[in-house]
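protein.txt follows (compact mmCIF, N, CA, C and O atoms):
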```txt
# COMPACT_ATOMS: atom_id res chain seq x y z
N GLU A 21 113.06 101.84 93.71
CA GLU A 21 112.56 102.80 94.70
C GLU A 21 111.03 102.69 94.72
O GLU A 21 110.39 102.65 93.69
N ASN A 22 110.47 102.64 95.89
CA ASN A 22 109.02 102.57 96.02
C ASN A 22 108.45 103.92 96.36
O ASN A 22 109.08 104.72 97.05
N ILE A 23 107.25 104.15 95.90
CA ILE A 23 106.59 105.39 96.27
C ILE A 23 106.15 105.27 97.72
O ILE A 23 105.82 104.17 98.18
N PRO A 24 106.17 106.37 98.47
CA PRO A 24 105.66 106.29 99.84
C PRO A 24 104.21 105.82 99.77
O PRO A 24 103.46 106.26 98.92
N GLY A 25 103.87 104.92 100.62
CA GLY A 25 102.50 104.43 100.63
C GLY A 25 102.29 103.19 99.78
O GLY A 25 101.25 102.58 99.85
N TYR A 26 103.27 102.84 98.94
CA TYR A 26 103.07 101.65 98.12
C TYR A 26 102.89 100.43 99.00
O TYR A 26 102.02 99.61 98.75
N PHE A 27 103.70 100.34 100.06
CA PHE A 27 103.57 99.17 100.94
C PHE A 27 102.23 99.19 101.67
O PHE A 27 101.64 98.14 101.88
N SER A 28 101.74 100.36 102.03
CA SER A 28 100.42 100.39 102.67
C SER A 28 99.36 99.95 101.67
O SER A 28 98.38 99.32 102.04
N LEU A 29 99.55 100.24 100.38
CA LEU A 29 98.62 99.76 99.37
C LEU A 29 98.69 98.25 99.28
O LEU A 29 97.67 97.56 99.33
N ALA A 30 99.90 97.72 99.19
CA ALA A 30 100.08 96.28 99.07
C ALA A 30 99.64 95.55 100.33
O ALA A 30 99.22 94.40 100.27
N ASN A 31 99.73 96.22 101.47
CA ASN A 31 99.38 95.56 102.73
C ASN A 31 97.91 95.71 103.10
O ASN A 31 97.55 95.58 104.25
N GLY A 32 97.08 96.02 102.13
CA GLY A 32 95.66 95.96 102.42
C GLY A 32 94.84 97.16 101.99
O GLY A 32 93.69 97.02 101.64
N ARG A 33 95.43 98.37 102.03
CA ARG A 33 94.61 99.53 101.70
C ARG A 33 94.10 99.46 100.27
O ARG A 33 92.97 99.87 99.98
N TRP A 34 94.91 98.94 99.36
CA TRP A 34 94.49 98.80 97.97
C TRP A 34 93.20 98.00 97.86
O TRP A 34 92.33 98.28 97.04
N PHE A 35 93.08 97.01 98.74
CA PHE A 35 91.95 96.09 98.68
C PHE A 35 90.68 96.65 99.32
O PHE A 35 89.66 95.98 99.37
N THR A 36 90.76 97.90 99.81
CA THR A 36 89.55 98.57 100.30
C THR A 36 88.99 99.51 99.24
O THR A 36 87.90 100.05 99.41
N LEU A 37 89.75 99.71 98.15
CA LEU A 37 89.30 100.61 97.09
C LEU A 37 88.37 99.86 96.14
O LEU A 37 88.48 98.65 95.97
N THR A 38 87.47 100.62 95.52
CA THR A 38 86.61 100.02 94.49
C THR A 38 87.45 99.74 93.24
O THR A 38 88.56 100.27 93.09
N LEU A 39 86.91 98.95 92.34
CA LEU A 39 87.61 98.68 91.09
C LEU A 39 87.85 99.99 90.33
O LEU A 39 88.94 100.19 89.78
N CYS A 40 86.87 100.87 90.30
CA CYS A 40 87.05 102.15 89.61
C CYS A 40 88.16 102.98 90.27
O CYS A 40 88.95 103.61 89.56
N GLU A 41 88.24 102.96 91.59
CA GLU A 41 89.31 103.69 92.27
C GLU A 41 90.67 103.07 91.95
O GLU A 41 91.64 103.78 91.71
N GLN A 42 90.72 101.74 91.96
CA GLN A 42 91.99 101.07 91.66
C GLN A 42 92.45 101.42 90.24
O GLN A 42 93.59 101.84 90.02
N LEU A 43 91.56 101.26 89.26
CA LEU A 43 91.95 101.50 87.88
C LEU A 43 92.15 102.99 87.60
O LEU A 43 92.97 103.36 86.75
N GLY A 44 91.47 103.84 88.34
CA GLY A 44 91.73 105.28 88.23
C GLY A 44 93.13 105.62 88.69
O GLY A 44 93.82 106.44 88.08
N ASN A 45 93.57 104.97 89.78
CA ASN A 45 94.94 105.16 90.26
C ASN A 45 95.97 104.62 89.28
O ASN A 45 97.02 105.23 89.06
N VAL A 46 95.66 103.49 88.68
CA VAL A 46 96.54 102.94 87.63
C VAL A 46 96.66 103.98 86.51
O VAL A 46 97.75 104.27 86.02
N GLY A 47 95.53 104.55 86.14
CA GLY A 47 95.52 105.55 85.07
C GLY A 47 96.37 106.76 85.39
O GLY A 47 97.01 107.33 84.49
N SER A 48 96.42 107.15 86.67
CA SER A 48 97.29 108.27 87.05
C SER A 48 98.75 107.94 86.78
O SER A 48 99.51 108.78 86.28
N GLU A 49 99.15 106.72 87.09
CA GLU A 49 100.53 106.30 86.84
C GLU A 49 100.80 106.17 85.34
O GLU A 49 101.88 106.54 84.87
N VAL A 50 99.83 105.66 84.60
CA VAL A 50 99.98 105.57 83.15
C VAL A 50 100.17 106.98 82.58
O VAL A 50 101.06 107.22 81.76
N GLY A 51 99.36 107.92 83.05
CA GLY A 51 99.49 109.30 82.60
C GLY A 51 100.85 109.90 82.93
O GLY A 51 101.45 110.59 82.10
N ARG A 52 101.33 109.62 84.14
CA ARG A 52 102.67 110.10 84.52
C ARG A 52 103.74 109.51 83.60
O ARG A 52 104.64 110.22 83.14
N ALA A 53 103.64 108.22 83.36
CA ALA A 53 104.62 107.56 82.49
C ALA A 53 104.60 108.19 81.09
O ALA A 53 105.65 108.47 80.52
N LEU A 54 103.40 108.41 80.57
CA LEU A 54 103.30 109.01 79.24
C LEU A 54 103.89 110.42 79.23
O LEU A 54 104.57 110.80 78.27
N ASN A 55 103.65 111.20 80.29
CA ASN A 55 104.22 112.55 80.37
C ASN A 55 105.74 112.51 80.42
O ASN A 55 106.41 113.29 79.74
N TRP A 56 106.30 111.60 81.23
CA TRP A 56 107.76 111.51 81.33
C TRP A 56 108.35 110.99 80.03
O TRP A 56 109.46 111.39 79.64
N GLN A 57 107.63 110.13 79.36
CA GLN A 57 108.08 109.63 78.06
C GLN A 57 108.15 110.80 77.06
O GLN A 57 109.13 110.95 76.33
N LYS A 58 107.10 111.63 77.07
CA LYS A 58 107.05 112.80 76.19
C LYS A 58 108.17 113.78 76.49
O LYS A 58 108.73 114.41 75.60
N LYS A 59 108.50 113.92 77.79
CA LYS A 59 109.55 114.84 78.21
C LYS A 59 110.94 114.22 78.10
O LYS A 59 111.93 114.81 78.52
N ASN A 60 110.98 113.00 77.56
CA ASN A 60 112.25 112.29 77.34
C ASN A 60 113.05 112.13 78.64
O ASN A 60 114.24 112.40 78.67
N ASN A 61 112.36 111.69 79.69
CA ASN A 61 113.01 111.42 80.97
C ASN A 61 112.87 109.92 81.25
O ASN A 61 111.89 109.49 81.87
N PRO A 62 113.82 109.12 80.76
CA PRO A 62 113.67 107.67 80.87
C PRO A 62 113.61 107.15 82.30
O PRO A 62 112.91 106.17 82.57
N GLU A 63 114.31 107.79 83.22
CA GLU A 63 114.32 107.32 84.61
C GLU A 63 112.92 107.46 85.23
O GLU A 63 112.39 106.50 85.81
N TYR A 64 112.33 108.63 85.13
CA TYR A 64 111.01 108.84 85.71
C TYR A 64 109.93 108.08 84.95
O TYR A 64 108.96 107.61 85.52
N PHE A 65 110.11 107.97 83.62
CA PHE A 65 109.18 107.17 82.83
C PHE A 65 109.15 105.74 83.35
O PHE A 65 108.09 105.17 83.59
N GLN A 66 110.34 105.17 83.53
CA GLN A 66 110.46 103.78 83.98
C GLN A 66 109.78 103.57 85.33
O GLN A 66 109.05 102.60 85.52
N LYS A 67 110.01 104.50 86.25
CA LYS A 67 109.41 104.37 87.59
C LYS A 67 107.88 104.41 87.51
O LYS A 67 107.21 103.60 88.15
N ALA A 68 107.34 105.34 86.75
CA ALA A 68 105.88 105.46 86.65
C ALA A 68 105.28 104.25 85.92
O ALA A 68 104.24 103.73 86.33
N ALA A 69 105.93 103.81 84.85
CA ALA A 69 105.43 102.65 84.11
C ALA A 69 105.46 101.40 84.99
O ALA A 69 104.50 100.62 85.01
N ASP A 70 106.55 101.23 85.74
CA ASP A 70 106.64 100.09 86.66
C ASP A 70 105.55 100.15 87.73
O ASP A 70 104.94 99.13 88.06
N ARG A 71 105.30 101.34 88.28
CA ARG A 71 104.24 101.49 89.30
C ARG A 71 102.89 101.16 88.72
O ARG A 71 102.06 100.51 89.38
N ALA A 72 102.62 101.60 87.49
CA ALA A 72 101.34 101.28 86.85
C ALA A 72 101.15 99.77 86.79
O ALA A 72 100.07 99.25 87.12
N LEU A 73 102.20 99.06 86.38
CA LEU A 73 102.10 97.59 86.28
C LEU A 73 102.00 96.95 87.66
O LEU A 73 101.26 95.96 87.83
N GLU A 74 102.71 97.49 88.65
CA GLU A 74 102.60 96.96 90.02
C GLU A 74 101.18 97.12 90.55
O GLU A 74 100.62 96.20 91.17
N LEU A 75 100.58 98.28 90.28
CA LEU A 75 99.20 98.50 90.74
C LEU A 75 98.23 97.59 89.98
O LEU A 75 97.27 97.08 90.58
N LEU A 76 98.47 97.37 88.71
CA LEU A 76 97.63 96.43 87.97
C LEU A 76 97.78 95.02 88.54
O LEU A 76 96.80 94.28 88.64
N ASP A 77 99.00 94.65 88.92
CA ASP A 77 99.21 93.33 89.53
C ASP A 77 98.44 93.21 90.85
O ASP A 77 97.87 92.15 91.15
N LEU A 78 98.44 94.28 91.64
CA LEU A 78 97.65 94.26 92.88
C LEU A 78 96.16 94.10 92.55
O LEU A 78 95.45 93.36 93.24
N THR A 79 95.70 94.78 91.52
CA THR A 79 94.29 94.68 91.12
C THR A 79 93.96 93.26 90.67
O THR A 79 92.93 92.70 91.05
N VAL A 80 94.87 92.67 89.90
CA VAL A 80 94.68 91.28 89.45
C VAL A 80 94.57 90.34 90.66
O VAL A 80 93.78 89.40 90.67
N SER A 81 95.36 90.63 91.70
CA SER A 81 95.38 89.74 92.87
C SER A 81 94.20 89.97 93.82
O SER A 81 94.05 89.23 94.78
N ASP A 82 93.38 90.97 93.54
CA ASP A 82 92.22 91.26 94.40
C ASP A 82 91.12 90.25 94.10
O ASP A 82 90.57 90.23 92.99
N PRO A 83 90.79 89.39 95.08
CA PRO A 83 89.81 88.32 94.81
C PRO A 83 88.41 88.83 94.47
O PRO A 83 87.63 88.10 93.86
N ARG A 84 88.12 90.09 94.80
CA ARG A 84 86.78 90.61 94.50
C ARG A 84 86.53 90.73 93.00
O ARG A 84 85.38 90.78 92.57
N TRP A 85 87.58 90.80 92.22
CA TRP A 85 87.40 91.06 90.79
C TRP A 85 87.58 89.81 89.93
O TRP A 85 87.86 89.92 88.74
N SER A 86 87.43 88.64 90.51
CA SER A 86 87.63 87.41 89.73
C SER A 86 86.71 87.38 88.51
O SER A 86 87.09 86.85 87.46
N ASN A 87 85.53 87.99 88.62
CA ASN A 87 84.61 88.01 87.47
C ASN A 87 85.03 89.03 86.41
O ASN A 87 84.48 89.03 85.31
N ARG A 88 85.98 89.90 86.72
CA ARG A 88 86.47 90.92 85.77
C ARG A 88 87.93 90.65 85.38
O ARG A 88 88.56 91.50 84.76
N LEU A 89 88.44 89.49 85.76
CA LEU A 89 89.86 89.21 85.59
C LEU A 89 90.31 89.30 84.13
O LEU A 89 91.39 89.83 83.84
N LYS A 90 89.48 88.82 83.22
CA LYS A 90 89.85 88.84 81.80
C LYS A 90 90.11 90.28 81.33
O LYS A 90 91.12 90.56 80.67
N GLU A 91 89.22 91.19 81.68
CA GLU A 91 89.37 92.60 81.29
C GLU A 91 90.60 93.24 81.95
O GLU A 91 91.36 93.97 81.31
N ILE A 92 90.78 92.95 83.24
CA ILE A 92 91.91 93.54 83.97
C ILE A 92 93.23 93.03 83.39
O ILE A 92 94.17 93.82 83.18
N LEU A 93 93.31 91.73 83.11
CA LEU A 93 94.53 91.18 82.53
C LEU A 93 94.78 91.73 81.13
O LEU A 93 95.92 91.98 80.76
N LEU A 94 93.71 91.93 80.38
CA LEU A 94 93.87 92.52 79.04
C LEU A 94 94.43 93.94 79.16
O LEU A 94 95.36 94.30 78.43
N SER A 95 93.89 94.73 80.09
CA SER A 95 94.40 96.09 80.25
C SER A 95 95.86 96.07 80.69
O SER A 95 96.67 96.88 80.24
N ARG A 96 96.22 95.10 81.54
CA ARG A 96 97.62 94.99 81.96
C ARG A 96 98.51 94.66 80.76
O ARG A 96 99.58 95.22 80.59
N ASN A 97 98.04 93.72 79.93
CA ASN A 97 98.81 93.35 78.74
C ASN A 97 98.97 94.53 77.79
O ASN A 97 100.04 94.72 77.20
N LEU A 98 97.92 95.33 77.62
CA LEU A 98 97.99 96.50 76.74
C LEU A 98 99.02 97.50 77.25
O LEU A 98 99.83 98.02 76.47
N VAL A 99 99.00 97.76 78.56
CA VAL A 99 99.94 98.72 79.16
C VAL A 99 101.37 98.19 79.04
O VAL A 99 102.28 98.91 78.61
N ALA A 100 101.58 96.92 79.39
CA ALA A 100 102.92 96.33 79.33
C ALA A 100 103.44 96.32 77.89
O ALA A 100 104.60 96.66 77.64
N ASP A 101 102.58 95.97 76.95
CA ASP A 101 103.00 95.92 75.55
C ASP A 101 103.31 97.32 75.03
O ASP A 101 104.28 97.51 74.29
N TYR A 102 102.53 98.31 75.43
CA TYR A 102 102.78 99.67 74.97
C TYR A 102 104.10 100.21 75.53
O TYR A 102 104.90 100.77 74.78
N PHE A 103 104.32 100.03 76.83
CA PHE A 103 105.51 100.59 77.45
C PHE A 103 106.77 99.78 77.21
O PHE A 103 107.86 100.32 77.10
N TYR A 104 106.66 98.45 77.17
CA TYR A 104 107.85 97.60 77.15
C TYR A 104 107.91 96.62 75.99
O TYR A 104 108.93 95.99 75.78
N GLY A 105 106.81 96.47 75.27
CA GLY A 105 106.78 95.49 74.20
C GLY A 105 106.94 96.14 72.83
O GLY A 105 107.54 97.21 72.69
N GLN A 106 106.35 95.51 71.85
CA GLN A 106 106.42 95.99 70.46
C GLN A 106 105.18 96.79 70.07
O GLN A 106 105.01 97.11 68.90
N ASN A 107 104.30 97.06 71.04
CA ASN A 107 103.02 97.73 70.79
C ASN A 107 102.23 97.00 69.70
O ASN A 107 101.72 97.60 68.76
N GLU A 108 102.14 95.68 69.88
CA GLU A 108 101.41 94.85 68.93
C GLU A 108 99.93 95.22 68.85
O GLU A 108 99.29 95.01 67.83
N PHE A 109 99.39 95.78 69.94
CA PHE A 109 97.97 96.15 69.95
C PHE A 109 97.75 97.53 69.36
O PHE A 109 96.62 98.01 69.30
N GLN A 110 98.84 98.19 68.95
CA GLN A 110 98.79 99.52 68.33
C GLN A 110 98.03 100.52 69.19
O GLN A 110 97.19 101.27 68.71
N GLU A 111 98.35 100.51 70.48
CA GLU A 111 97.76 101.49 71.40
C GLU A 111 98.38 102.84 71.14
O GLU A 111 99.49 102.96 70.62
N THR A 112 97.65 103.87 71.52
CA THR A 112 98.17 105.23 71.48
C THR A 112 98.09 105.81 72.88
O THR A 112 97.27 105.34 73.69
N PRO A 113 98.89 106.82 73.19
CA PRO A 113 98.75 107.46 74.51
C PRO A 113 97.33 107.93 74.76
O PRO A 113 96.80 107.77 75.86
N GLU A 114 96.69 108.46 73.73
CA GLU A 114 95.33 108.97 73.88
C GLU A 114 94.35 107.87 74.25
O GLU A 114 93.50 108.06 75.13
N LYS A 115 94.46 106.72 73.59
CA LYS A 115 93.55 105.61 73.89
C LYS A 115 93.78 105.06 75.29
O LYS A 115 92.82 104.74 76.00
N LEU A 116 95.04 104.95 75.69
CA LEU A 116 95.34 104.46 77.04
C LEU A 116 94.78 105.41 78.10
O LEU A 116 94.12 104.98 79.05
N GLU A 117 95.04 106.70 77.92
CA GLU A 117 94.56 107.67 78.91
C GLU A 117 93.04 107.70 78.95
O GLU A 117 92.45 107.78 80.03
N LYS A 118 92.40 107.63 77.80
CA LYS A 118 90.94 107.66 77.74
C LYS A 118 90.34 106.46 78.47
O LYS A 118 89.38 106.60 79.24
N TYR A 119 90.91 105.27 78.25
CA TYR A 119 90.40 104.06 78.90
C TYR A 119 90.40 104.22 80.42
O TYR A 119 89.39 103.98 81.08
N PHE A 120 91.54 104.62 80.97
CA PHE A 120 91.64 104.72 82.42
C PHE A 120 90.92 105.95 82.97
O PHE A 120 90.46 105.94 84.11
N HIS A 121 90.78 106.98 82.16
CA HIS A 121 90.10 108.21 82.60
C HIS A 121 88.66 107.93 83.04
O HIS A 121 88.19 108.47 84.03
N TYR A 122 87.98 107.07 82.32
CA TYR A 122 86.59 106.76 82.66
C TYR A 122 86.47 106.15 84.05
O TYR A 122 85.50 106.41 84.76
N PHE A 123 87.44 105.36 84.45
CA PHE A 123 87.41 104.77 85.79
C PHE A 123 87.61 105.85 86.85
O PHE A 123 86.95 105.84 87.89
N ALA A 124 88.50 106.80 86.60
CA ALA A 124 88.74 107.88 87.56
C ALA A 124 87.48 108.74 87.72
O ALA A 124 87.11 109.11 88.83
N VAL A 125 86.82 109.02 86.61
CA VAL A 125 85.58 109.81 86.65
C VAL A 125 84.50 109.07 87.43
O VAL A 125 83.84 109.64 88.31
N ALA A 126 84.36 107.78 87.17
CA ALA A 126 83.35 106.97 87.88
C ALA A 126 83.66 106.91 89.36
O ALA A 126 82.76 106.97 90.21
N ALA A 127 84.95 106.80 89.72
CA ALA A 127 85.34 106.73 91.13
C ALA A 127 85.00 108.04 91.83
O ALA A 127 84.52 108.03 92.97
N ARG A 128 85.24 109.17 91.17
CA ARG A 128 84.92 110.46 91.78
C ARG A 128 83.42 110.63 91.96
O ARG A 128 82.98 111.18 92.96
N LYS A 129 82.64 110.17 90.99
CA LYS A 129 81.18 110.31 91.08
C LYS A 129 80.59 109.49 92.21
O LYS A 129 79.59 109.87 92.79
N SER A 130 81.24 108.37 92.53
CA SER A 130 80.67 107.48 93.55
C SER A 130 81.06 107.89 94.97
O SER A 130 80.63 107.26 95.93
N ARG A 131 81.89 108.92 95.11
CA ARG A 131 82.29 109.35 96.46
C ARG A 131 81.17 110.09 97.15
O ARG A 131 80.41 110.81 96.62
```

Do you think you could lay out the structure here as structure tokens?
Amino acid sequence: ENIPGYFSLANGRWFTLTLCEQLGNVGSEVGRALNWQKKNNPEYFQKAADRALELLDLTVSDPRWSNRLKEILLSRNLVADYFYGQNEFQETPEKLEKYFHYFAVAARKSR
């Protein structure tokens, strides 16, 4: 199931957002996934975690960020490993939320 507007994001609107806006939106989905995980709702957790990774994939595919690709791919790997892997990077919900929170704050300040 896709969120309403996901296709509009994939069809170009995502590529009009700044990097901070993109990663701030990713952080919202990461936060949702963590909340659903805490509430023991696997269905909603899965949807939010998948959306976070889909949005990260869109960010990776944005040609404007080729100079930041290493960092973006690392953040994608951290999220994927935390939600679906063995958590080899030993991430915590707090560290994940904090990382993405800074992008959301920066995006709001630049409006």

Tyr119 of chain A: which residues within 8 Å, counting only N, CA, C and O atoms, same-chain residues fewer than 5 positions away excluded, as a PyMOL selection string?
chain A and resi 43-44+47+112-114+124-125

Please determine, counting all atoms listed in the file, which residue among A:Pro83, A:Gln42, A:Gly51, A:Glu74 has the shortest atom-to-atom distance to Ala127 of chain A.
A:Gln42

What's the separation between atom C of Ser48 of chain A and atom O of Ala72 of chain A, in Å to one decimal place?
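The value is 8.8 Å.
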
Check the DSSP output for the backbone and give back, as a ChimeraX atom specification, the residues of segment 79-130 of chain A in helix (DSSP H, G or I).
/A:79-80,83-104,113-129

Å distance separating atom O of Asn61 of chain A from atom N of Ser81 of chain A, one decimal place
26.9 Å

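For the choices A:Val46, A:Lys90, A:Tyr64, A:Lys58, the atom-to-atom distance to Leu76 of chain A is smallest for A:Val46 when using all atoms listed in the file.
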
Might you pull out every residue within 7 Å of Phe123 of chain A, with all atoms listed in the file counted and same-chain residues fewer than 5 positions away left off, and present them as a ChimeraX atom specification?
/A:39-45,118,128-129

Contact residues around segment 97-111 of chain A with all atoms listed in the file at 7 Å, ignoring same-chain residues under 6 positions, as a PyMOL selection string
chain A and resi 69+73+91

So the first atom is atom CA of Tyr122 of chain A and the second is atom CA of Asn60 of chain A; what is the distance between them in Å, to one decimal place?
26.8 Å
